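Peer 1: Pasting input.txt below, which is compact mmCIF, C-alpha atoms.
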# COMPACT_ATOMS: atom_id res chain seq x y z
CA MET A 15 0.00 0.00 0.00
CA ASP A 16 1.47 3.40 -1.02
CA PRO A 17 2.15 5.81 1.87
CA VAL A 18 -0.14 8.82 2.21
CA ASP A 19 1.45 12.09 1.06
CA GLN A 20 3.02 14.00 4.01
CA SER A 21 1.16 17.26 3.51
CA ARG A 22 -2.10 15.31 3.15
CA LEU A 23 -1.25 13.43 6.34
CA ARG A 24 -0.74 16.72 8.23
CA ARG A 25 -4.14 18.01 7.06
CA LEU A 26 -5.83 14.77 8.08
CA GLN A 27 -4.22 14.94 11.52
CA LEU A 28 -5.48 18.51 11.94
CA VAL A 29 -8.99 17.38 10.99
CA GLY A 30 -8.76 14.54 13.52
CA VAL A 31 -7.59 16.82 16.36
CA ALA A 32 -10.27 19.44 15.63
CA SER A 33 -12.88 16.66 15.49
CA GLY A 34 -11.74 15.39 18.89
CA PHE A 35 -12.16 18.80 20.54
CA THR A 36 -15.54 19.38 18.87
CA ALA A 37 -16.69 15.93 19.99
CA GLY A 38 -15.80 16.94 23.56
CA ALA A 39 -18.06 19.99 23.42
CA TRP A 40 -21.08 18.16 22.04
CA LEU A 41 -20.71 14.98 24.11
CA GLY A 42 -20.46 17.14 27.24
CA ALA A 43 -23.61 19.06 26.33
CA ALA A 44 -25.53 15.83 25.76
CA GLU A 45 -25.21 14.84 29.43
CA ALA A 46 -27.32 17.80 30.53
CA PRO A 47 -30.71 16.15 29.80
CA THR A 48 -29.85 13.26 32.14
CA LYS A 49 -30.37 15.76 34.97
CA MET A 50 -34.02 14.83 34.51
CA VAL A 51 -33.23 11.66 36.52
CA THR A 52 -33.80 13.74 39.64
CA LEU A 53 -37.35 14.43 38.50
CA GLY A 54 -38.38 10.83 39.15
CA ILE A 55 -38.19 9.29 35.68
CA PRO A 56 -36.74 5.73 35.72
CA PRO A 57 -33.12 5.70 34.44
CA VAL A 58 -33.76 3.15 31.70
CA VAL A 59 -36.66 5.19 30.35
CA ILE A 60 -34.34 8.19 30.11
CA SER A 61 -31.72 6.04 28.41
CA LEU A 62 -34.25 4.57 25.94
CA ALA A 63 -35.65 8.00 25.12
CA MET A 64 -32.12 9.28 24.44
CA VAL A 65 -31.43 6.26 22.23
CA LEU A 66 -34.60 6.97 20.24
CA GLY A 67 -33.20 10.44 19.58
CA VAL A 68 -29.85 8.88 18.76
CA PHE A 69 -31.51 6.46 16.31
CA LEU A 70 -33.31 9.27 14.51
CA ALA A 71 -30.11 11.30 14.28
CA ARG A 72 -27.96 8.37 13.15
CA TRP A 73 -30.28 7.70 10.21
CA SER A 74 -31.17 11.25 9.24
CA LEU A 75 -27.71 12.90 9.41
CA PRO A 76 -26.00 10.30 7.14
CA ALA A 77 -28.94 10.44 4.72
CA LEU A 78 -28.65 14.22 4.61
CA LEU A 79 -24.84 14.46 4.42
CA ARG A 80 -24.06 11.50 2.18
CA GLY A 81 -27.14 9.66 0.96
CA SER A 82 -28.19 6.05 1.51
CA ALA A 83 -26.79 4.93 -1.87
CA ALA A 84 -23.23 5.73 -0.72
CA ILE A 85 -23.88 3.86 2.53
CA GLY A 86 -25.06 0.81 0.56
CA ALA A 87 -21.88 0.96 -1.55
CA ASP A 88 -19.78 0.98 1.63
CA VAL A 89 -21.54 -2.10 2.95
CA ARG A 90 -21.00 -3.99 -0.28
CA GLN A 91 -17.26 -3.36 0.08
CA ALA A 92 -17.00 -4.59 3.67
CA PRO A 93 -20.22 -6.34 4.77
CA HIS A 94 -18.57 -7.91 7.83
CA LEU A 95 -18.33 -4.44 9.37
CA VAL A 96 -22.10 -4.44 9.85
CA VAL A 97 -21.60 -7.08 12.57
CA TRP A 98 -18.89 -4.95 14.18
CA ALA A 99 -21.09 -1.86 14.06
CA VAL A 100 -24.04 -3.67 15.68
CA LEU A 101 -21.73 -5.06 18.37
CA ALA A 102 -20.38 -1.55 19.08
CA GLY A 103 -23.94 -0.28 19.31
CA CYS A 104 -24.76 -2.94 21.93
CA LEU A 105 -21.70 -1.88 23.95
CA TRP A 106 -22.79 1.75 23.74
CA ALA A 107 -26.32 1.00 24.95
CA VAL A 108 -25.18 -0.98 27.99
CA ALA A 109 -22.55 1.69 28.85
CA ASN A 110 -25.05 4.50 28.48
CA THR A 111 -27.51 2.73 30.79
CA LEU A 112 -24.77 2.18 33.35
CA THR A 113 -23.92 5.89 33.29
CA ILE A 114 -27.51 6.77 34.14
CA PHE A 115 -27.35 4.52 37.22
CA ALA A 116 -23.93 5.97 38.08
CA ILE A 117 -25.26 9.54 37.91
CA ARG A 118 -28.19 8.57 40.13
CA ASP A 119 -25.93 6.91 42.74
CA ILE A 120 -22.82 9.13 42.85
CA GLY A 121 -23.68 12.24 40.85
CA LEU A 122 -22.53 13.46 37.45
CA SER A 123 -19.37 15.16 38.73
CA ILE A 124 -17.88 11.96 40.17
CA ALA A 125 -19.24 9.58 37.57
CA PHE A 126 -17.84 11.57 34.64
CA PRO A 127 -14.11 11.11 35.40
CA LEU A 128 -14.60 7.47 36.31
CA TRP A 129 -16.11 6.48 32.99
CA ASN A 130 -13.74 8.78 31.13
CA SER A 131 -10.91 6.45 32.23
CA ASN A 132 -11.89 4.72 28.97
CA SER A 133 -9.21 6.79 27.24
CA LEU A 134 -6.44 4.86 29.02
CA LEU A 135 -8.00 1.60 27.84
CA GLY A 136 -8.28 3.06 24.35
CA ILE A 137 -4.52 3.67 24.29
CA VAL A 138 -3.93 0.01 25.24
CA TRP A 139 -6.25 -1.34 22.53
CA GLY A 140 -4.84 1.08 19.94
CA PHE A 141 -1.28 -0.05 20.66
CA VAL A 142 -1.99 -3.77 20.99
CA PHE A 143 -4.40 -4.27 18.08
CA PHE A 144 -3.88 -1.45 15.60
CA ASN A 145 -0.17 -0.51 15.64
CA GLU A 146 -0.90 2.92 17.11
CA LEU A 147 2.12 4.66 18.71
CA ARG A 148 4.46 2.13 17.06
CA GLN A 149 7.65 3.87 15.90
CA ALA A 150 6.14 7.03 17.34
CA GLY A 151 9.29 8.11 19.20
CA TRP A 152 9.56 8.95 22.88
CA ALA A 153 8.24 12.51 22.47
CA ARG A 154 4.94 11.27 20.97
CA TRP A 155 4.66 8.56 23.60
CA ALA A 156 5.26 11.14 26.33
CA GLY A 157 2.71 13.49 24.75
CA VAL A 158 -0.06 10.89 24.44
CA LEU A 159 0.51 8.87 27.62
CA GLY A 160 1.54 11.90 29.70
CA GLY A 161 -1.41 13.86 28.33
CA ALA A 162 -3.84 11.04 29.14
CA VAL A 163 -2.44 10.72 32.67
CA LEU A 164 -2.68 14.51 33.15
CA MET A 165 -6.28 14.42 31.98
CA PHE A 166 -7.04 11.54 34.32
CA GLY A 167 -5.43 13.43 37.22
CA GLY A 168 -7.42 16.54 36.37
CA ALA A 169 -10.58 14.45 36.22
CA MET A 170 -9.88 13.06 39.67
CA LEU A 171 -9.34 16.56 41.06
CA LEU A 172 -12.64 17.66 39.58
CA ALA A 173 -14.31 14.66 41.18
CA VAL A 174 -12.92 15.55 44.61
CA ALA A 175 -14.03 19.15 44.16
CA SER A 176 -17.58 18.20 43.39
CA SER A 177 -17.99 15.17 45.63
CA GLY A 178 -20.39 17.06 47.86
CA THR A 179 -22.85 17.86 45.12
CA PRO A 180 -26.46 16.73 45.61
CA GLY A 181 -27.93 13.80 43.71
CA THR A 182 -26.21 10.93 45.50
CA SER A 183 -28.44 8.11 46.70
CA GLY A 184 -26.32 6.30 49.28
CA HIS A 185 -25.25 3.50 46.93
CA ALA A 186 -21.72 4.72 46.28
CA ALA A 187 -20.15 1.30 45.58
CA ARG A 188 -22.79 0.44 43.00
CA GLY A 189 -22.42 3.85 41.40
CA VAL A 190 -18.64 3.56 41.17
CA ALA A 191 -18.93 0.03 39.71
CA ALA A 192 -21.44 1.28 37.15
CA ALA A 193 -19.24 4.21 36.11
CA LEU A 194 -16.08 2.09 35.82
CA ALA A 195 -17.91 -0.64 33.88
CA ALA A 196 -19.23 2.04 31.51
CA GLY A 197 -15.63 3.20 31.01
CA VAL A 198 -14.50 -0.34 30.12
CA LEU A 199 -17.42 -0.82 27.73
CA TRP A 200 -16.81 2.50 26.00
CA GLY A 201 -13.04 1.98 25.91
CA THR A 202 -13.60 -1.39 24.22
CA MET A 203 -16.26 -0.02 21.89
CA TYR A 204 -13.45 1.80 20.09
CA ILE A 205 -12.05 -1.53 18.84
CA PRO A 206 -14.93 -1.82 16.32
CA TYR A 207 -14.58 1.90 15.49
CA ARG A 208 -10.90 1.58 14.63
CA LYS A 209 -11.47 -1.71 12.86
CA ALA A 210 -14.03 -0.08 10.59
CA TYR A 211 -11.96 2.99 9.79
CA LEU A 212 -8.74 1.11 9.13
CA THR A 213 -10.71 -0.95 6.64
CA GLY A 214 -11.87 2.20 4.87
CA MET A 215 -15.50 2.50 5.99
CA ASN A 216 -17.01 5.98 6.16
CA PRO A 217 -18.09 7.02 9.70
CA LEU A 218 -21.50 8.04 8.36
CA SER A 219 -22.04 4.47 7.13
CA PHE A 220 -20.75 2.87 10.33
CA ILE A 221 -23.11 4.78 12.63
CA THR A 222 -26.13 3.81 10.53
CA PHE A 223 -25.67 0.16 11.54
CA PHE A 224 -24.21 0.95 14.94
CA THR A 225 -27.55 2.43 15.94
CA ILE A 226 -29.45 -0.79 15.19
CA GLY A 227 -27.39 -2.51 17.88
CA GLU A 228 -27.93 0.28 20.39
CA LEU A 229 -31.68 0.57 19.79
CA VAL A 230 -32.33 -3.20 19.96
CA MET A 231 -30.13 -3.64 23.06
CA MET A 232 -31.58 -0.59 24.79
CA THR A 233 -35.15 -1.67 24.08
CA ALA A 234 -34.39 -5.15 25.49
CA LEU A 235 -32.84 -3.61 28.63
CA ALA A 236 -35.76 -1.25 29.11
CA VAL A 237 -38.41 -3.96 28.63
CA SER A 238 -36.56 -6.24 31.06
CA ASP A 239 -36.14 -3.46 33.63
CA ARG A 240 -39.74 -2.27 33.51
CA GLY A 241 -41.23 -5.78 33.52
CA GLY A 242 -42.78 -5.87 30.05
CA VAL A 243 -43.67 -3.87 26.97
CA ALA A 244 -46.95 -2.55 28.39
CA ALA A 245 -45.27 -1.23 31.54
CA LEU A 246 -42.53 0.41 29.47
CA MET A 247 -45.05 2.08 27.17
CA ALA A 248 -46.93 3.37 30.23
CA GLU A 249 -43.68 4.89 31.59
CA LEU A 250 -42.91 6.49 28.24
CA SER A 251 -46.42 7.86 28.08
CA ARG A 252 -46.13 9.35 31.58
CA ALA A 253 -42.82 10.97 30.60
CA ARG A 254 -44.08 12.26 27.23
CA ASP A 255 -43.85 15.93 28.18
CA VAL A 256 -40.07 15.66 28.73
CA LEU A 257 -39.33 13.10 25.98
CA PHE A 258 -38.52 15.93 23.57
CA TRP A 259 -35.60 17.06 25.73
CA LEU A 260 -34.24 13.53 25.97
CA LEU A 261 -34.57 13.06 22.21
CA CYS A 262 -32.63 16.32 21.86
CA GLY A 263 -29.99 14.99 24.27
CA GLY A 264 -29.64 11.91 22.05
CA PHE A 265 -29.38 14.10 18.95
CA VAL A 266 -26.68 16.29 20.52
CA TRP A 267 -24.82 13.15 21.59
CA VAL A 268 -24.81 11.88 17.99
CA VAL A 269 -23.30 15.13 16.73
CA GLY A 270 -20.51 14.72 19.30
CA ASP A 271 -20.13 11.04 18.58
CA LEU A 272 -19.90 11.67 14.84
CA PHE A 273 -16.94 13.98 15.40
CA GLN A 274 -15.48 11.38 17.77
CA GLN A 275 -15.73 8.84 14.94
CA TYR A 276 -13.80 11.17 12.62
CA ALA A 277 -11.22 11.74 15.37
CA ALA A 278 -10.83 7.95 15.80
CA LYS A 279 -10.45 7.65 12.04
CA TYR A 280 -7.84 10.35 11.49
CA VAL A 281 -5.76 10.41 14.70
CA GLY A 282 -6.52 6.89 15.97
CA ILE A 283 -8.21 5.83 19.21
CA SER A 284 -5.15 6.43 21.42
CA ARG A 285 -5.35 10.16 20.64
CA GLY A 286 -8.96 10.59 19.52
CA ILE A 287 -10.58 9.25 22.68
CA PRO A 288 -8.65 11.41 25.18
CA LEU A 289 -9.31 14.48 23.05
CA SER A 290 -13.02 13.82 22.95
CA ASN A 291 -12.92 13.18 26.69
CA THR A 292 -12.55 16.93 27.12
CA ASN A 293 -16.32 16.47 27.30
CA GLN A 294 -15.79 16.39 31.07
CA LEU A 295 -14.79 20.05 31.00
CA TRP A 296 -17.89 20.88 29.00
CA GLY A 297 -20.06 18.67 31.21
CA LEU A 298 -18.69 20.44 34.26
CA ALA A 299 -19.26 23.85 32.69
CA TRP A 300 -22.88 22.87 32.04
CA GLY A 301 -23.19 21.45 35.57
CA ILE A 302 -21.70 24.45 37.39
CA LEU A 303 -22.73 27.38 35.21
CA VAL A 304 -26.13 26.23 33.96
CA PHE A 305 -27.45 23.81 36.60
CA GLY A 306 -25.89 25.47 39.65
CA GLU A 307 -23.80 22.52 40.90
CA LEU A 308 -21.23 23.61 43.54
CA LYS A 309 -23.54 26.42 44.62
CA GLY A 310 -22.54 27.36 48.17
CA ALA A 311 -19.34 25.26 48.03
CA ALA A 312 -16.16 26.39 49.77
CA GLY A 313 -13.54 28.44 47.93
CA ALA A 314 -11.23 25.40 47.97
CA SER A 315 -13.70 23.52 45.77
CA TYR A 316 -13.52 26.24 43.14
CA ALA A 317 -9.71 26.15 43.31
CA GLN A 318 -9.83 22.39 42.72
CA VAL A 319 -12.19 22.87 39.78
CA ILE A 320 -9.86 25.44 38.22
CA GLY A 321 -6.77 23.30 38.88
CA GLY A 322 -8.44 20.15 37.55
CA SER A 323 -9.66 21.95 34.46
CA LEU A 324 -6.19 23.37 33.76
CA LEU A 325 -4.67 19.89 34.13
CA MET A 326 -7.22 18.44 31.70
CA ALA A 327 -6.64 21.23 29.22
CA ALA A 328 -2.84 20.77 29.45
CA GLY A 329 -3.23 17.02 28.90
CA ALA A 330 -5.47 17.55 25.88
CA ALA A 331 -2.99 20.07 24.44
CA ALA A 332 -0.10 17.60 24.87
CA ILE A 333 -2.07 14.92 22.99
CA ALA A 334 -3.14 17.34 20.28
CA LEU A 335 0.51 18.25 19.64
CA ALA A 336 1.66 14.59 19.56
CA THR A 337 0.21 13.79 16.12
CA ALA A 338 1.38 10.70 14.25
CA ARG A 339 4.59 10.91 12.21
CA PRO A 340 4.76 9.34 8.72
CA GLU A 341 6.64 6.34 10.20
CA GLU A 342 3.79 5.65 12.60
CA HIS A 343 1.20 6.18 9.88
CA LEU A 344 2.94 3.49 7.84
CA ARG A 345 2.38 1.10 10.75
CA TRP A 346 -1.32 2.05 10.70
CA GLN A 347 -1.34 1.19 7.02
CA GLU A 348 0.23 -2.18 7.83
CA ALA A 349 -2.61 -2.85 10.28
CA ALA A 350 -5.09 -1.73 7.60
CA GLY A 351 -3.49 -4.06 5.05
CA ARG A 352 -3.77 -6.93 7.53
CA GLU A 353 -7.48 -6.18 8.03
CA GLY A 354 -8.09 -5.97 4.29
CA ALA A 355 -6.33 -9.29 3.69
CA ARG A 356 -8.14 -11.02 6.56
CA TYR A 357 -11.60 -10.02 5.33
CA GLY A 358 -10.94 -9.86 1.58
CA VAL A 359 -11.52 -6.11 1.14
CA ASP A 360 -10.35 -4.31 -2.02
CA PRO A 361 -6.95 -2.67 -1.19
CA ALA A 362 -7.87 0.45 -3.20
CA TYR A 363 -10.97 0.92 -1.02
CA VAL A 364 -8.90 0.50 2.15
CA ARG A 365 -6.27 3.00 1.02
CA SER A 366 -8.72 5.66 -0.15
CA GLY A 367 -10.56 5.39 3.16
CA LEU A 368 -7.35 5.90 5.13
CA ALA A 369 -6.46 8.91 3.00
CA GLY A 370 -9.90 10.47 3.56
CA GLU A 371 -10.88 10.17 -0.09
CA GLY A 372 -14.28 9.08 -1.31
CA THR A 373 -14.92 6.25 -3.76
CA THR A 374 -18.59 6.90 -4.33
CA VAL A 375 -20.74 9.66 -5.78
CA ARG A 376 -23.18 11.42 -3.45
CA THR A 377 -26.79 11.41 -4.53
CA ARG A 378 -29.93 12.00 -2.48
CA THR A 379 -32.99 9.93 -3.31
CA TRP A 380 -36.61 10.17 -2.20
CA LEU A 381 -35.68 7.63 0.50
CA ASP A 382 -33.09 10.02 1.97
CA TRP A 383 -35.46 12.97 2.02
CA GLY A 384 -38.18 10.72 3.46
CA ILE A 385 -35.90 9.71 6.34
CA VAL A 386 -34.98 13.34 7.06
CA ILE A 387 -38.62 14.49 6.95
CA ALA A 388 -39.82 11.60 9.17
CA ALA A 389 -37.09 12.25 11.78
CA THR A 390 -37.88 15.97 11.80
CA ALA A 391 -41.61 15.23 12.16
CA VAL A 392 -40.97 13.06 15.24
CA PHE A 393 -38.97 15.86 16.88
CA VAL A 394 -41.61 18.45 16.03
CA GLY A 395 -44.38 16.16 17.33
CA PHE A 396 -42.71 15.64 20.71
CA GLY A 397 -41.73 19.33 20.79
CA LEU A 398 -45.40 20.32 20.55
CA VAL A 399 -46.28 18.39 23.72
CA ALA A 400 -43.09 19.26 25.59
CA ARG A 401 -42.93 21.38 28.69
CA VAL A 402 -39.85 23.12 30.03
CA PRO A 403 -38.58 20.99 32.96
CA GLU A 404 -38.82 22.65 36.35
CA LEU A 405 -35.10 23.17 36.76
CA ALA A 406 -33.34 26.38 37.75
CA VAL A 407 -30.91 27.11 34.93
CA GLY A 408 -28.43 29.91 34.23
CA GLY A 409 -29.77 31.36 31.00
CA GLY A 410 -26.78 33.54 30.06
CA ALA A 411 -24.26 30.75 30.59
CA MET A 412 -26.44 28.37 28.60
CA VAL A 413 -26.54 30.75 25.63
CA ALA A 414 -22.74 31.19 25.81
CA LEU A 415 -22.16 27.42 25.86
CA VAL A 416 -24.59 26.85 22.99
CA VAL A 417 -22.89 29.55 20.88
CA ALA A 418 -19.44 28.09 21.60
CA SER A 419 -20.61 24.58 20.69
CA LEU A 420 -22.21 25.79 17.46
CA GLY A 421 -19.02 27.68 16.59
CA LEU A 422 -16.98 24.49 16.95
CA LEU A 423 -19.55 22.55 14.93
CA GLY A 424 -19.44 25.07 12.08
CA GLY A 425 -15.65 25.47 12.04
CA THR A 426 -14.74 21.79 12.29
CA GLY A 427 -17.59 20.75 9.98
CA TRP A 428 -16.25 23.11 7.33
CA LEU A 429 -12.68 21.82 7.80
CA LEU A 430 -13.87 18.22 7.58
CA TRP A 431 -15.87 18.90 4.43
CA ARG A 432 -13.04 20.82 2.78
CA THR A 433 -10.40 18.20 3.58
CA THR A 434 -12.26 14.91 3.28
CA GLY A 435 -15.75 15.65 1.94
CA PHE A 436 -17.05 13.86 5.08
CA ASN A 437 -15.19 10.70 4.06
CA MET B 21 -19.10 -17.60 4.53
CA ASN B 22 -15.36 -16.86 4.29
CA ARG B 23 -15.87 -13.49 5.96
CA LEU B 24 -17.99 -15.03 8.71
CA SER B 25 -15.33 -17.63 9.31
CA ALA B 26 -12.64 -14.89 9.42
CA LEU B 27 -14.79 -12.95 11.90
CA LEU B 28 -15.20 -15.89 14.25
CA ARG B 29 -11.46 -16.60 14.14
CA ASP B 30 -10.59 -12.95 14.82
CA LEU B 31 -9.42 -12.52 18.44
CA GLN B 32 -10.33 -8.83 18.28
CA PHE B 33 -13.98 -9.85 17.82
CA TRP B 34 -14.13 -11.82 21.07
CA VAL B 35 -12.70 -9.02 23.24
CA PRO B 36 -15.73 -6.72 22.82
CA VAL B 37 -18.09 -9.70 23.05
CA ALA B 38 -16.57 -10.67 26.43
CA VAL B 39 -16.72 -7.05 27.67
CA LEU B 40 -20.37 -6.80 26.59
CA VAL B 41 -21.26 -9.91 28.58
CA GLY B 42 -19.35 -8.51 31.59
CA GLY B 43 -21.18 -5.18 31.29
CA LEU B 44 -24.56 -6.91 31.24
CA LEU B 45 -23.60 -8.83 34.40
CA VAL B 46 -22.63 -5.58 36.19
CA LEU B 47 -25.90 -4.02 35.10
CA ARG B 48 -27.83 -7.00 36.47
CA TRP B 49 -25.95 -6.68 39.78
CA ILE B 50 -26.47 -2.96 40.31
CA ARG B 51 -30.17 -3.13 39.47
Please render this file's structure as structure tokens.
Peer 2:
Amino acid sequence: MDPVDQSRLRRLQLVGVASGFTAGAWLGAAEAPTKMVTLGIPPVVISLAMVLGVFLARWSLPALLRGSAAIGADVRQAPHLVVWAVLAGCLWAVANTLTIFAIRDIGLSIAFPLWNSNSLLGIVWGFVFFNELRQAGWARWAGVLGGAVLMFGGAMLLAVASSGTPGTSGHAARGVAAALAAGVLWGTMYIPYRKAYLTGMNPLSFITFFTIGELVMMTALAVSDRGGVAALMAELSRARDVLFWLLCGGFVWVVGDLFQQYAAKYVGISRGIPLSNTNQLWGLAWGILVFGELKGAAGASYAQVIGGSLLMAAGAAAIALATARPEEHLRWQEAAGREGARYGVDPAYVRSGLAGEGTTVRTRTWLDWGIVIAATAVFVGFGLVARVPELAVGGGAMVALVVASLGLLGGTGWLLWRTTGFN
Amino acid sequence: MNRLSALLRDLQFWVPVAVLVGGLLVLRWIR
């Protein structure tokens, strides 16, 4: 397989780093709707409602951006990846449900850093299975590993700072177990991600099948938890006036996850996951500035928050600067070649995918527009019966965070389109 | 069939499968 041109490689790395940071902003914002747990809605109902929003977004966004014909062409090239995508979706659904229980038992501020330990696991899987950080040199190793450790340390500091926040239920051990298990599930979920992108699959195709796994698994978990379909439907019906916000949470999560997929594709999971784990900073900003967490806390708590945030930011910066050298990228290509040979995928398809080049023509059909219109109609329908939850929120801070998130979406989306055409 | 056979012989496939089973067990415990 021919090596990717150096200047092209630099542009792809920039796209991957920007995608990682943008993923952080949107994944952090998506946690806000889970605050509704405190309003008495069962955790699995919240999780299922978010997954319904996720499902709608994962079908409508790819249809809008790329078209279902291109997705079909991807599947014909590497049909085995459908199994990987469904498996990853199942992992996501179980992890997401665990996080809801973790938030209920130990609070968002403690649960967040615990499940974000997935980045350390991602580095292990990236190195062991996909040749990431091979021939990277000590400086890159120090940047990635040191950055991840710094981020983990910062996360711990943030957890200590906010350990007195309300929302804990007296089941700390169960909450910690749930958060750590979610971290392991999410850290391992990146194996299918990397597998797909080394083989050349487009992220927009991967998530279309990923969501089948998450919806089926989440529905099974919810039915089992509630004791039957009728009981689940009754819960959903009772929660119908807040379902819109949970659907929105799922939609926002997908936007973040999509950028995380591009980060995993272009800078690998060892760098992409820690970068997108800056979502803790965004989650904390939402928690403190919008939902009033830490209100009345001692000055020391604020010092810990500032110190922890600076540590996380420094760690993320170290990782962002430790992009892959051409020698390391060649090792990625070796891993990609191995995947292609194992599953009989066309080498030209694998190479063009790695280089961020498309092999198919984009066309939108009536099916694509139908999917987009149907998804929009569901959101509008639930929006019409929605009420604003009775939560005290900081309006000015919320507007500032929304504007910042939209700015990142626009800037990185433009860069991604210009460099790869969303490939 | 060749791809299915390659999938089942791929060690990387069984790692997420094992983690998924473990996650379901934790979920059953905490509920």
Peer 1: For a quick test of understanding: name the residues of chain B lying within 6 Å of chain A when counting all atoms listed in the file, and present them as a list in words.
Peer 2: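 Interface list for chain B against chain A: Arg23, Pro36, Leu40 and Ile50 of chain B.
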Peer 1: Quick one: of A:Gly197, A:Gly214, A:Gly136, A:Gly263, who's nearest to Ile60 of chain A, counting only C-alpha atoms?
Peer 2: A:Gly263
Peer 1: I'd like the neighbourhood of segment 326-331 of chain A as number ranges by chain, where a residue qualifies if any of its atoms comes within 9 Å (using only C-alpha atoms), though same-chain residues fewer than 6 positions away should be ignored.
Peer 2: A: 35, 157-158, 160-169, 288-292, 294-295
Peer 1: Would you save the residues from that selection as a PDB file, in the frame of the given file, using C-alpha atoms?
Peer 2:
ATOM      1  CA  PHE A  35     -12.160  18.800  20.540  1.00  0.00           C
ATOM      2  CA  GLY A 157       2.710  13.490  24.750  1.00  0.00           C
ATOM      3  CA  VAL A 158      -0.060  10.890  24.440  1.00  0.00           C
ATOM      4  CA  GLY A 160       1.540  11.900  29.700  1.00  0.00           C
ATOM      5  CA  GLY A 161      -1.410  13.860  28.330  1.00  0.00           C
ATOM      6  CA  ALA A 162      -3.840  11.040  29.140  1.00  0.00           C
ATOM      7  CA  VAL A 163      -2.440  10.720  32.670  1.00  0.00           C
ATOM      8  CA  LEU A 164      -2.680  14.510  33.150  1.00  0.00           C
ATOM      9  CA  MET A 165      -6.280  14.420  31.980  1.00  0.00           C
ATOM     10  CA  PHE A 166      -7.040  11.540  34.320  1.00  0.00           C
ATOM     11  CA  GLY A 167      -5.430  13.430  37.220  1.00  0.00           C
ATOM     12  CA  GLY A 168      -7.420  16.540  36.370  1.00  0.00           C
ATOM     13  CA  ALA A 169     -10.580  14.450  36.220  1.00  0.00           C
ATOM     14  CA  PRO A 288      -8.650  11.410  25.180  1.00  0.00           C
ATOM     15  CA  LEU A 289      -9.310  14.480  23.050  1.00  0.00           C
ATOM     16  CA  SER A 290     -13.020  13.820  22.950  1.00  0.00           C
ATOM     17  CA  ASN A 291     -12.920  13.180  26.690  1.00  0.00           C
ATOM     18  CA  THR A 292     -12.550  16.930  27.120  1.00  0.00           C
ATOM     19  CA  GLN A 294     -15.790  16.390  31.070  1.00  0.00           C
ATOM     20  CA  LEU A 295     -14.790  20.050  31.000  1.00  0.00           C
TER      21      LEU A 295
END
Peer 1: So for segment 25-41 of chain B, what box centre and size do we get, axis-aligned, 8 Å extra on each of the six sides, every listed atom, Å to one decimal, as JSON?
Peer 2:
{"center_x": -15.3, "center_y": -12.2, "center_z": 18.9, "size_x": 27.8, "size_y": 26.9, "size_z": 35.3}
Peer 1: Rank nothing, just name the residue among A:Val31, A:Ala175, A:Ile114, A:Val59 nearest to Gly322 of chain A, using only C-alpha atoms.
Peer 2: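 The answer is A:Ala175, which sits nearest to Gly322 of chain A.
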Peer 1: Mind checking which residues fall within 9 Å of Leu79 of chain A, counting all atoms listed in the file, ignoring those fewer than 5 positions away in the same chain, and posting them as a ChimeraX atom specification?
Peer 2: /A:74,218,376,378,436
Peer 1: Please provide the set of residues having any atom within 8 Å of Leu78 of chain A, restricted to only C-alpha atoms, with same-chain residues fewer than 2 positions apart removed, written as a ChimeraX atom specification.
Peer 2: /A:74-76,80-81,378,382-383,386
Peer 1: Considering only C-alpha atoms, return as a ChimeraX atom specification whatever protein or nucleic-acid residues lie within 12 Å of Ser21 of chain A, sequence-local ones (same chain, fewer than 4 positions apart) excluded.
Peer 2: /A:17,25-28,339-340,369,433
Peer 1: Can you work out the spacing between atom CA of Tyr280 of chain A and atom CA of Ala83 of chain A in Å, to one decimal?
Peer 2: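 Going from atom CA of Tyr280 of chain A over to atom CA of Ala83 of chain A covers 23.8 Å.
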Peer 1: Can you tell me how far atom CA of Ser33 of chain A sits from atom CA of Leu134 of chain A, in Å to one decimal?
Peer 2: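 Spanning atom CA of Ser33 of chain A to atom CA of Leu134 of chain A is a straight-line distance of 19.1 Å.
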Peer 1: Rounded to one decimal in Å, what is the spacing between atom CA of Leu257 of chain A and atom CA of Ala236 of chain A?
Peer 2: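 Calculated distance between atom CA of Leu257 of chain A and atom CA of Ala236 of chain A is 15.1 Å.
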Peer 1: So, with only C-alpha atoms as the atoms that count, which of A:Ala355, A:Leu368, A:Ala43, A:Leu147 lies closest to Glu342 of chain A?
Peer 2: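 Closest to Glu342 of chain A of all the choices is A:Leu147.
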